[in-house]
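K.L.:
Got a structure for you, questions after.
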Amino acid sequence: MAMAAPAMTCAEPFAQATAQFAKMVSSLGSQEAGKMAFSDLERKLTEEGQELLRLLLQEHLDRRSPGEATGPVRDAQGTERSQPPRLHERSQGSVFGPVQVCRMGYGGEGLSSLHPLDAELNLPAERYSHELRRWAAEEAAKGSFDEAVASLGRHSGTKVPKRQLEQLVQRAAVDFNDFYEQRSHSADETAGPLMVLSFDGKGVVMRPEDLREATRKAAAKRQHRLSKRLSKGEKKNAKRMATVAAVYTIAPLFRTPEQVARGLAPIHEVDKVKRPRPESKRVWASLEKTPEEVIEQAFEEARKRDPAHEKAWVALVDGNETQLKILSHLAQKYAVDLTVVLDLIHVTEYLWKASTAFHDERDREREEWVSRRLLEILRGHSSQVAGGIRRSATLRGLSAEERGAADDCCDYLIKYASYLRYDEYLAAGAPIATGVIEGACRHLVKDRMALTGARWSLSGAEAVLKLRALRSSGDFDEYWRFHETREYERNHAAHYADREVPATKKLEPQDLKSHLRIVK
């Protein structure tokens with residue numbers, strides 16, 4: 001079946017859009033509109049205005065069609081496409097609604113056609129525009145895929161089915177790693193004298209095929225009590241751990257052990273010292289990459305910000321042994337003097353548990369017991385505190401069961417004593433709590449990935465985590481410009497000789513017939 005050539009530009013530029021605008025103006029001046037409520041007017045204008053914008057876009061595209069090349073069209077192998085061009089039409093979903101793009105196709109026997117106008121417009125490979133993809137990416141990063149589909153249906157003129165939306169989201173995130181590898185930092189972004197790196201892990205419920213091998217084997221042995229969802233206790237072998245990382249600079253905050261102790265439970269005294277805020281904070285999480293790969297990414301990010309190692313590097317951790325081993329190895333590899341700080345809140349939690357060996361949970365003396373020992377730990381005396389707790393348990397003649405929580409606390413304090421030098425950390429103005437990374441675990445991972453009943457594919461979860469990271473780090477707009485540039489290179493420039501796409505010119509109506517061959 002022959003495809004008709006598109007209608008060329010009307011004598012009156014943008015005649016259809018002008019007619020639509022006139023129709024809107026006339027409608028607003030009608031008696032019917034004069035009786036409408038404000039919200040009804042808003043909805044009416046939104047719907048009609050979207051059609052006006054779609055017509056403006058369509059007529060603009062018509063004026064640029066069919067995009068005849070101004071010079072020879074040579075493919076990536078240097079072969080000139082010398083056959084007469086043909087007119088091809090494609091549908092493009094835009095944020096205003098579907099439009100048609102008619103353009104010259106330069107082909108050859110057994111060769112796919114090249115369309116210089118597609119390159120000039122930087123059209124994506126799929127039928128949805130880059131701006132629509134951007135909308136999809138932002139909506140899916142904020143909430144569920146179902147909510148994203150509904151939001152696009154309400155606010156754009158193109159409906160995107162859920163399956164296609166998930167694919168758009170994955171394509172939207174493909175340049176995440178390259179973006180950060182090429183990104184440079186200004187002086188303002190690297191101002192703070194402390195370079196802080198922090199890490200944690202957060203589990204995500206996955207589809208069985210996307211679990212790590214050991215977890216997948218354990219999950220295969222599990223007996224399900226419900227057919228439609230996981231019941232309590234069954235998520236243990238259904239999760240894959242995401243490694244969460246944060247890198248930022250910050251000004252030092254000099255405090256005494258007494259000041260810190262008074263600000264923590266049970267005293268909770270208001271801290272009147274103005275706390276410095278993290279600068280140029282970047283947070284991200286990955287399910288695909290190993291902890292080693294994510295932590296090394298953080299070292300690379302820190303090195304780009306501080307290539308001469310002029311800042312004091314601090315790593316905040318929760319005591320995970322794997323992380324500590326990796327940090328030790330990478331500190332040597334990058335030749336950096338790294339101060340590793342164990343999160344004070346984790347230490348405090350151990351003290352509270354240990355206090356139950358000596359006091360009833362509702363005993364007010366328990367609070368005083370915790371406060372005294374916490375202050376000594378902040379003064380750098382963690383080993384002495386551990387020894388004192390053990391002696392107290394022995395003198396009281398507590399059984400192994402009764403003193404279990406106390407012994408666990410002592411073992412913890414002794415094992416990590418080299419990372420509990422809080423007196424030195426405070427004197428240097430270094431942070432001693434992992435609030436930044438714990439917040440990242442919550443808003444990057446838990447708030448989106450733990451939606452009721454969600455079971456993730458690895459590719460889908462990784463894409464959403466990347467997009468959420470870009471938004472949380474304030475980098476989304478800059479990333480999207482980079483992404484569209486990469487899309488141009490992949491989809492267009494790579495298919496032409498020397499990656500140079502010939503410019504196009506608009507044909508006049510009288511020249512159309514002699515230049516085009518109708519596609520059969």
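Ordered as shown in the structure tokens, chains take letters A, B, and onward, while each chain numbers its residues from 1 and ligands are numbered from 1 in the order shown.
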Quick one: everything within 10 Å of range 330-333 of chain A, counting only C-alpha atoms, minus sequence neighbours fewer than 5 positions away in the same chain. Send it as a list in words.
P.N.:
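Neighbouring residues, sequence-local ones excluded: Glu292, Ile295, Glu296, Phe299, Trp313, Leu324, Lys325, Leu338 and Thr339 of chain A.
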K.L.:
Would you please give, as a CSV table (one decimal) with N, CA, C and O atoms, in the first residue's frame, all residues of range 97-303 of chain A that DSSP assigns to alpha helix (DSSP H) based on the backbone?
P.N.:
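File written: states-v3.csv
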chain,number,residue,atom,x,y,z
A,116,PRO,N,18.9,11.8,8.4
A,116,PRO,CA,19.5,13.0,9.1
A,116,PRO,C,18.6,13.8,9.9
A,116,PRO,O,19.1,14.4,10.9
A,117,LEU,N,17.3,13.9,9.5
A,117,LEU,CA,16.4,14.7,10.3
A,117,LEU,C,16.2,14.1,11.7
A,117,LEU,O,16.1,14.9,12.7
A,118,ASP,N,16.2,12.8,11.8
A,118,ASP,CA,16.1,12.1,13.1
A,118,ASP,C,17.3,12.6,14.0
A,118,ASP,O,17.1,12.8,15.2
A,119,ALA,N,18.4,12.7,13.4
A,119,ALA,CA,19.6,13.1,14.2
A,119,ALA,C,19.5,14.6,14.6
A,119,ALA,O,19.8,14.9,15.7
A,120,GLU,N,19.0,15.4,13.7
A,120,GLU,CA,18.9,16.8,14.0
A,120,GLU,C,17.9,17.0,15.1
A,120,GLU,O,18.1,17.9,16.0
A,121,LEU,N,16.8,16.2,15.1
A,121,LEU,CA,15.9,16.3,16.2
A,121,LEU,C,16.3,15.4,17.4
A,121,LEU,O,15.6,15.5,18.5
A,130,HIS,N,12.4,11.7,24.4
A,130,HIS,CA,13.3,11.8,25.6
A,130,HIS,C,12.6,12.6,26.7
A,130,HIS,O,12.8,12.2,27.9
A,131,GLU,N,11.8,13.6,26.4
A,131,GLU,CA,11.2,14.3,27.5
A,131,GLU,C,10.1,13.5,28.2
A,131,GLU,O,10.0,13.5,29.4
A,132,LEU,N,9.4,12.6,27.4
A,132,LEU,CA,8.5,11.7,28.0
A,132,LEU,C,9.2,10.7,28.9
A,132,LEU,O,8.7,10.3,29.9
A,133,ARG,N,10.4,10.2,28.4
A,133,ARG,CA,11.2,9.3,29.1
A,133,ARG,C,11.6,10.0,30.4
A,133,ARG,O,11.7,9.3,31.5
A,134,ARG,N,12.0,11.2,30.4
A,134,ARG,CA,12.4,11.9,31.6
A,134,ARG,C,11.2,12.0,32.6
A,134,ARG,O,11.4,11.7,33.8
A,135,TRP,N,10.0,12.3,32.1
A,135,TRP,CA,8.9,12.3,33.0
A,135,TRP,C,8.7,10.9,33.7
A,135,TRP,O,8.4,10.8,34.8
A,136,ALA,N,8.8,9.9,32.8
A,136,ALA,CA,8.6,8.5,33.3
A,136,ALA,C,9.7,8.2,34.4
A,136,ALA,O,9.4,7.6,35.4
A,137,ALA,N,10.9,8.6,34.1
A,137,ALA,CA,12.0,8.3,35.1
A,137,ALA,C,11.8,9.0,36.4
A,137,ALA,O,11.9,8.4,37.5
A,138,GLU,N,11.4,10.3,36.4
A,138,GLU,CA,11.1,11.0,37.6
A,138,GLU,C,10.0,10.5,38.4
A,138,GLU,O,10.0,10.3,39.6
A,139,GLU,N,8.9,10.1,37.7
A,139,GLU,CA,7.7,9.6,38.4
A,139,GLU,C,8.0,8.2,39.0
A,139,GLU,O,7.6,7.9,40.1
A,140,ALA,N,8.7,7.3,38.2
A,140,ALA,CA,9.0,6.0,38.7
A,140,ALA,C,10.0,6.1,39.9
A,140,ALA,O,10.0,5.2,40.7
A,141,ALA,N,10.9,7.1,39.9
A,141,ALA,CA,11.8,7.2,41.0
A,141,ALA,C,11.1,7.7,42.3
A,141,ALA,O,11.5,7.4,43.4
A,142,LYS,N,10.0,8.4,42.1
A,142,LYS,CA,9.3,8.9,43.3
A,142,LYS,C,8.3,7.8,43.9
A,142,LYS,O,8.1,7.7,45.1
A,145,PHE,N,5.4,1.9,39.9
A,145,PHE,CA,5.3,2.0,38.5
A,145,PHE,C,3.8,2.2,38.1
A,145,PHE,O,3.5,2.9,37.2
A,146,ASP,N,2.9,1.6,38.9
A,146,ASP,CA,1.5,1.9,38.7
A,146,ASP,C,1.1,3.3,38.8
A,146,ASP,O,0.3,3.9,38.0
A,147,GLU,N,1.7,4.0,39.9
A,147,GLU,CA,1.4,5.4,40.1
A,147,GLU,C,2.0,6.2,39.0
A,147,GLU,O,1.5,7.3,38.6
A,148,ALA,N,3.2,5.8,38.5
A,148,ALA,CA,3.8,6.5,37.4
A,148,ALA,C,3.0,6.5,36.1
A,148,ALA,O,2.9,7.5,35.4
A,149,VAL,N,2.5,5.3,35.8
A,149,VAL,CA,1.6,5.2,34.6
A,149,VAL,C,0.4,6.1,34.8
A,149,VAL,O,0.0,6.8,33.8
A,150,ALA,N,-0.2,6.1,36.0
A,150,ALA,CA,-1.4,7.0,36.2
A,150,ALA,C,-1.0,8.4,36.1
A,150,ALA,O,-1.8,9.2,35.5
A,151,SER,N,0.1,8.8,36.6
A,151,SER,CA,0.5,10.2,36.6
A,151,SER,C,0.8,10.7,35.1
A,151,SER,O,0.3,11.8,34.7
A,152,LEU,N,1.5,9.8,34.3
A,152,LEU,CA,1.7,10.2,32.9
A,152,LEU,C,0.4,10.3,32.2
A,152,LEU,O,0.2,11.1,31.3
A,153,GLY,N,-0.6,9.4,32.5
A,153,GLY,CA,-1.9,9.4,31.9
A,153,GLY,C,-2.6,10.7,32.2
A,153,GLY,O,-3.4,11.2,31.3
A,154,ARG,N,-2.4,11.2,33.4
A,154,ARG,CA,-3.1,12.5,33.8
A,154,ARG,C,-2.5,13.7,33.2
A,154,ARG,O,-3.2,14.7,32.8
A,155,HIS,N,-1.1,13.7,33.2
A,155,HIS,CA,-0.4,15.0,32.9
A,155,HIS,C,0.2,15.0,31.5
A,155,HIS,O,0.7,16.1,31.1
A,162,LYS,N,2.4,0.0,31.4
A,162,LYS,CA,3.4,-0.3,32.5
A,162,LYS,C,4.6,-1.0,32.0
A,162,LYS,O,5.7,-0.6,32.4
A,163,ARG,N,4.5,-2.0,31.2
A,163,ARG,CA,5.7,-2.7,30.7
A,163,ARG,C,6.6,-1.7,29.9
A,163,ARG,O,7.8,-1.8,30.2
A,164,GLN,N,6.1,-0.9,29.1
A,164,GLN,CA,6.9,0.0,28.3
A,164,GLN,C,7.5,1.1,29.3
A,164,GLN,O,8.7,1.5,29.1
A,165,LEU,N,6.8,1.5,30.3
A,165,LEU,CA,7.3,2.5,31.2
A,165,LEU,C,8.5,1.9,32.0
A,165,LEU,O,9.5,2.6,32.2
A,166,GLU,N,8.4,0.6,32.4
A,166,GLU,CA,9.6,0.0,33.1
A,166,GLU,C,10.8,0.0,32.2
A,166,GLU,O,11.9,0.2,32.6
A,167,GLN,N,10.6,-0.3,30.9
A,167,GLN,CA,11.7,-0.3,29.9
A,167,GLN,C,12.3,1.1,29.8
A,167,GLN,O,13.5,1.3,29.7
A,168,LEU,N,11.4,2.1,29.7
A,168,LEU,CA,11.9,3.5,29.6
A,168,LEU,C,12.7,3.9,30.8
A,168,LEU,O,13.8,4.6,30.7
A,169,VAL,N,12.3,3.5,32.0
A,169,VAL,CA,13.1,3.8,33.2
A,169,VAL,C,14.5,3.1,33.2
A,169,VAL,O,15.5,3.8,33.5
A,170,GLN,N,14.6,1.9,32.7
A,170,GLN,CA,15.9,1.3,32.6
A,170,GLN,C,16.8,2.0,31.6
A,170,GLN,O,18.0,2.2,31.8
A,171,ARG,N,16.2,2.4,30.5
A,171,ARG,CA,17.0,3.1,29.5
A,171,ARG,C,17.4,4.5,30.0
A,171,ARG,O,18.5,5.0,29.7
A,172,ALA,N,16.6,5.1,30.9
A,172,ALA,CA,16.9,6.4,31.4
A,172,ALA,C,18.1,6.4,32.3
A,172,ALA,O,18.8,7.4,32.5
A,176,PHE,N,24.4,6.4,34.0
A,176,PHE,CA,24.7,6.8,35.4
A,176,PHE,C,26.2,6.7,35.7
A,176,PHE,O,26.8,7.7,36.2
A,177,ASN,N,26.8,5.6,35.5
A,177,ASN,CA,28.2,5.4,35.9
A,177,ASN,C,29.1,6.3,35.0
A,177,ASN,O,30.1,6.9,35.6
A,178,ASP,N,28.9,6.4,33.7
A,178,ASP,CA,29.7,7.2,32.9
A,178,ASP,C,29.6,8.7,33.3
A,178,ASP,O,30.6,9.4,33.2
A,179,PHE,N,28.4,9.1,33.7
A,179,PHE,CA,28.2,10.5,34.1
A,179,PHE,C,29.1,10.8,35.3
A,179,PHE,O,29.8,11.9,35.2
A,180,TYR,N,29.2,10.0,36.3
A,180,TYR,CA,30.0,10.3,37.4
A,180,TYR,C,31.5,10.1,37.2
A,180,TYR,O,32.3,10.8,37.8
A,181,GLU,N,31.8,9.2,36.2
A,181,GLU,CA,33.2,9.0,35.9
A,181,GLU,C,33.8,10.3,35.2
A,181,GLU,O,35.0,10.6,35.5
A,182,GLN,N,33.0,10.9,34.4
A,182,GLN,CA,33.5,12.1,33.6
A,182,GLN,C,33.3,13.4,34.3
A,182,GLN,O,33.9,14.4,33.9
A,213,GLU,N,23.5,-16.2,44.5
A,213,GLU,CA,23.4,-17.7,44.4
A,213,GLU,C,23.1,-18.3,45.8
A,213,GLU,O,22.3,-19.2,45.9
A,214,ALA,N,23.9,-17.9,46.8
A,214,ALA,CA,23.7,-18.6,48.1
A,214,ALA,C,22.3,-18.3,48.6
A,214,ALA,O,21.6,-19.2,49.2
A,215,THR,N,21.8,-17.1,48.5
A,215,THR,CA,20.4,-16.8,48.9
A,215,THR,C,19.4,-17.5,48.1
A,215,THR,O,18.4,-18.0,48.6
A,216,ARG,N,19.6,-17.6,46.8
A,216,ARG,CA,18.7,-18.3,46.0
A,216,ARG,C,18.5,-19.8,46.4
A,216,ARG,O,17.4,-20.4,46.4
A,217,LYS,N,19.6,-20.4,46.7
A,217,LYS,CA,19.6,-21.8,47.1
A,217,LYS,C,18.8,-22.0,48.5
A,217,LYS,O,18.0,-22.9,48.6
A,218,ALA,N,19.1,-21.0,49.4
A,218,ALA,CA,18.3,-21.1,50.7
A,218,ALA,C,16.9,-20.8,50.4
A,218,ALA,O,16.0,-21.4,51.1
A,219,ALA,N,16.5,-19.9,49.5
A,219,ALA,CA,15.1,-19.6,49.2
A,219,ALA,C,14.4,-20.8,48.6
A,219,ALA,O,13.2,-21.0,48.9
A,220,ALA,N,15.2,-21.6,47.8
A,220,ALA,CA,14.5,-22.8,47.2
A,220,ALA,C,14.1,-23.8,48.2
A,220,ALA,O,13.2,-24.6,47.9
A,257,PRO,N,33.7,15.7,74.9
A,257,PRO,CA,32.9,14.5,75.2
A,257,PRO,C,31.7,14.8,76.0
A,257,PRO,O,30.6,14.2,75.8
A,258,GLU,N,31.9,15.8,76.9
A,258,GLU,CA,30.7,16.2,77.8
A,258,GLU,C,29.6,16.8,77.0
A,258,GLU,O,28.4,16.5,77.2
A,259,GLN,N,29.9,17.6,76.0
A,259,GLN,CA,28.9,18.2,75.1
A,259,GLN,C,28.1,17.1,74.4
A,259,GLN,O,26.9,17.2,74.3
A,260,VAL,N,28.9,16.2,73.8
A,260,VAL,CA,28.2,15.1,73.1
A,260,VAL,C,27.3,14.2,74.0
A,260,VAL,O,26.2,13.9,73.6
A,261,ALA,N,27.8,13.9,75.1
A,261,ALA,CA,27.1,13.0,76.0
A,261,ALA,C,25.8,13.7,76.5
A,261,ALA,O,24.8,13.0,76.6
A,262,ARG,N,25.9,15.0,76.7
A,262,ARG,CA,24.6,15.7,77.1
A,262,ARG,C,23.6,15.7,76.0
A,262,ARG,O,22.4,15.9,76.3
A,263,GLY,N,24.0,15.6,74.8
A,263,GLY,CA,23.1,15.7,73.7
A,263,GLY,C,22.4,14.4,73.4
A,263,GLY,O,21.5,14.3,72.6
A,291,PRO,N,30.1,-5.0,47.3
A,291,PRO,CA,30.5,-4.0,48.2
A,291,PRO,C,31.9,-3.4,47.8
A,291,PRO,O,32.1,-2.2,47.9
A,292,GLU,N,32.8,-4.2,47.4
A,292,GLU,CA,34.1,-3.8,47.0
A,292,GLU,C,34.0,-2.7,45.9
A,292,GLU,O,34.7,-1.7,45.9
A,293,GLU,N,33.2,-3.0,44.9
A,293,GLU,CA,33.0,-2.1,43.7
A,293,GLU,C,32.4,-0.8,44.1
A,293,GLU,O,32.9,0.3,43.7
A,294,VAL,N,31.4,-0.8,45.0
A,294,VAL,CA,30.7,0.4,45.4
A,294,VAL,C,31.7,1.3,46.3
A,294,VAL,O,31.8,2.5,46.1
A,295,ILE,N,32.4,0.6,47.2
A,295,ILE,CA,33.3,1.4,48.1
A,295,ILE,C,34.4,2.0,47.3
A,295,ILE,O,34.9,3.1,47.5
A,296,GLU,N,34.9,1.2,46.3
A,296,GLU,CA,36.0,1.8,45.4
A,296,GLU,C,35.5,3.0,44.6
A,296,GLU,O,36.2,3.9,44.4
A,297,GLN,N,34.2,2.9,44.2
A,297,GLN,CA,33.6,4.1,43.5
A,297,GLN,C,33.6,5.3,44.4
A,297,GLN,O,33.9,6.4,44.0
A,298,ALA,N,33.4,5.1,45.7
A,298,ALA,CA,33.4,6.2,46.6
A,298,ALA,C,34.8,6.7,46.8
A,298,ALA,O,35.0,8.0,46.9
A,299,PHE,N,35.8,5.9,46.8
A,299,PHE,CA,37.2,6.4,46.9
A,299,PHE,C,37.5,7.2,45.6
A,299,PHE,O,38.2,8.2,45.7
A,300,GLU,N,37.1,6.7,44.4
A,300,GLU,CA,37.3,7.4,43.2
A,300,GLU,C,36.6,8.8,43.2
A,300,GLU,O,37.2,9.8,42.8
A,301,GLU,N,35.4,8.8,43.8
A,301,GLU,CA,34.7,10.1,43.9
A,301,GLU,C,35.5,11.1,44.8
A,301,GLU,O,35.6,12.2,44.5
A,302,ALA,N,35.9,10.5,45.9
A,302,ALA,CA,36.7,11.4,46.9
A,302,ALA,C,38.0,11.8,46.3
A,302,ALA,O,38.4,13.0,46.5
A,303,ARG,N,38.7,11.0,45.5
A,303,ARG,CA,39.9,11.3,44.9
A,303,ARG,C,39.8,12.5,43.9
A,303,ARG,O,40.6,13.4,43.8
K.L.:
Ranking A:Leu56, A:Val99, A:Leu41, A:Leu344 by minimum distance to Thr18 in chain A and counting only C-alpha atoms, which one comes first?
P.N.:
A:Leu56
K.L.:
For CA of Val95 in chain A and CA of Gly157 in chain A, quote the distance in Å rounded to one decimal.
P.N.:
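CA of Gly157 in chain A lies 5.6 Å from CA of Val95 in chain A.
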K.L.:
Would you work out the distance separating CA of Arg364 in chain A from CA of Asp343 in chain A, expressed in Å to one decimal?
P.N.:
25.5 Å
K.L.:
Can you measure CA of Val273 in chain A to CA of Leu253 in chain A for me? One decimal in Å is fine.
P.N.:
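Between these atoms lies a distance of 8.7 Å.
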K.L.:
Write out as a list in words each polymer residue whose atoms come within 8 Å of range 440-457 of chain A, counting only C-alpha atoms; drop sequence neighbours fewer than 2 positions from it.
P.N.:
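What passes the distance filter is Ala141, Lys142, Gly143, Ser144, Asp200, Gly201, Lys202, Val204, Val205, Met206, Arg207, Asp210, Arg229, Val244, Ala246, Val283, Trp284, Ala285, Val436, Ile437, Glu438, Ser459, Gly460, Ala461, Leu465, Arg468, Ala469 and Ser472 of chain A.
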K.L.:
Point out the residue among A:Ser286, A:Asn237, A:Ser418, A:Ser91 with the least atom-to-atom distance to Gly319 in chain A, counting only C-alpha atoms.
P.N.:
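Looking only at the distances to Gly319 in chain A, the closest residue turns out to be A:Ser418.
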